[in-house]
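Here the structure is laid out as structure tokens; the discussion comes afterwards.
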Amino acid sequence: MIDTCGYKGWWPMKFFEGKSPDGSKVGVEGFRNVINGQEVMPEKGWNGSPPYRTGELNTHISPLYRANYDQIRWDK
């Protein structure tokens, strides 16, 4: 089973766009949604980000932790 929580449902892919006049293959970096097959090619390629989250959000953190996250003193 594929883990699809958060942005894990988007896999980086190189999409074939054809051949250049000299015969070399031309590809574009992008992402494919493993759930519905949607293909997205951001302007920045793999350095860009997928358009939205897939699957379920991470539920490993308790609601109390999420509610009080801003009050954590990280300097201690």
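Scheme for the structure tokens: letters A, B, ... for chains in order shown; per-chain residue numbers from 1; ligand numbers from 1 in order shown.
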
Item to check | Residues near Met41 of chain A, cut-off 12 Å, only C-alpha atoms, skip fewer than 3 positions along chain, as a list in words | outcome: Trp10, Trp11, Pro12, Met13, Lys14, Phe15, Phe16, Glu17, Gly27, Val28, Glu29, Gly30, Phe31, Arg32, Asn33, Gln38, Lys44, Gly45, Trp46, Asn47, Gly48, Ser49, Pro50 and Pro51 of chain A

With N, CA and C atoms retained, write the just-selected residues as a CSV table (one decimal), in the first residue's frame.
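The new file selection-v8.csv reads:
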chain,number,residue,atom,x,y,z
A,10,TRP,N,2.1,12.7,-4.2
A,10,TRP,CA,2.7,13.2,-5.4
A,10,TRP,C,4.1,12.7,-5.6
A,11,TRP,N,4.3,12.0,-6.7
A,11,TRP,CA,5.6,11.5,-7.0
A,11,TRP,C,6.3,12.3,-8.0
A,12,PRO,N,7.6,12.6,-7.8
A,12,PRO,CA,8.4,13.4,-8.8
A,12,PRO,C,8.6,12.5,-10.1
A,13,MET,N,8.3,13.0,-11.2
A,13,MET,CA,8.4,12.3,-12.5
A,13,MET,C,9.1,13.2,-13.5
A,14,LYS,N,9.6,12.6,-14.5
A,14,LYS,CA,10.1,13.4,-15.7
A,14,LYS,C,9.2,13.0,-16.9
A,15,PHE,N,8.5,14.0,-17.4
A,15,PHE,CA,7.5,13.7,-18.5
A,15,PHE,C,8.2,13.9,-19.8
A,16,PHE,N,8.0,13.0,-20.7
A,16,PHE,CA,8.5,13.1,-22.1
A,16,PHE,C,7.7,14.1,-22.9
A,17,GLU,N,8.4,15.0,-23.5
A,17,GLU,CA,7.7,16.1,-24.2
A,17,GLU,C,8.0,16.0,-25.7
A,27,GLY,N,12.5,16.4,-21.8
A,27,GLY,CA,11.6,16.1,-20.7
A,27,GLY,C,11.4,17.3,-19.8
A,28,VAL,N,10.3,17.2,-19.1
A,28,VAL,CA,9.9,18.3,-18.2
A,28,VAL,C,9.7,17.6,-16.8
A,29,GLU,N,10.3,18.3,-15.7
A,29,GLU,CA,10.2,17.8,-14.4
A,29,GLU,C,8.8,18.2,-13.9
A,30,GLY,N,8.2,17.2,-13.2
A,30,GLY,CA,6.8,17.5,-12.6
A,30,GLY,C,6.5,16.5,-11.6
A,31,PHE,N,5.2,16.5,-11.2
A,31,PHE,CA,4.7,15.5,-10.2
A,31,PHE,C,3.5,14.8,-10.7
A,32,ARG,N,3.3,13.6,-10.3
A,32,ARG,CA,2.1,12.8,-10.7
A,32,ARG,C,1.4,12.4,-9.4
A,33,ASN,N,0.1,12.6,-9.4
A,33,ASN,CA,-0.7,12.2,-8.3
A,33,ASN,C,-1.0,10.7,-8.4
A,38,GLN,N,-3.3,12.6,-11.9
A,38,GLN,CA,-3.1,14.0,-12.4
A,38,GLN,C,-1.7,14.3,-12.5
A,44,LYS,N,9.1,25.7,-11.5
A,44,LYS,CA,10.4,25.4,-10.9
A,44,LYS,C,10.7,23.9,-11.0
A,45,GLY,N,9.9,23.1,-11.7
A,45,GLY,CA,10.1,21.7,-11.7
A,45,GLY,C,10.0,21.0,-10.4
A,46,TRP,N,11.0,20.2,-10.1
A,46,TRP,CA,11.0,19.5,-8.8
A,46,TRP,C,11.2,20.4,-7.6
A,47,ASN,N,11.8,21.6,-7.8
A,47,ASN,CA,12.0,22.5,-6.8
A,47,ASN,C,10.7,23.3,-6.4
A,48,GLY,N,9.7,23.1,-7.3
A,48,GLY,CA,8.4,23.7,-7.0
A,48,GLY,C,7.6,22.8,-6.0
A,49,SER,N,6.4,23.0,-5.9
A,49,SER,CA,5.6,22.1,-5.0
A,49,SER,C,4.3,21.7,-5.6
A,50,PRO,N,3.8,20.5,-5.2
A,50,PRO,CA,2.5,20.1,-5.8
A,50,PRO,C,1.4,21.0,-5.4
A,51,PRO,N,0.3,21.1,-6.1
A,51,PRO,CA,-0.8,22.1,-5.9
A,51,PRO,C,-1.6,21.9,-4.6

Next on the checklist: Between atom CA of Tyr69 of chain A and atom CA of Arg53 of chain A, what distance in Å does the model show, to one decimal?
Outcome noted: 21.4 Å

Item to check | Residue list (helix (DSSP H, G or I), DSSP) for segment 21-71 of chain A, as number ranges by chain | outcome: A: 45-47, 63-67, 69-71

Checklist entry - If you measure from atom CA of Gly6 of chain A to atom CA of Asn68 of chain A, what distance in Å do you get, rounded to one decimal? => result 21.3 Å
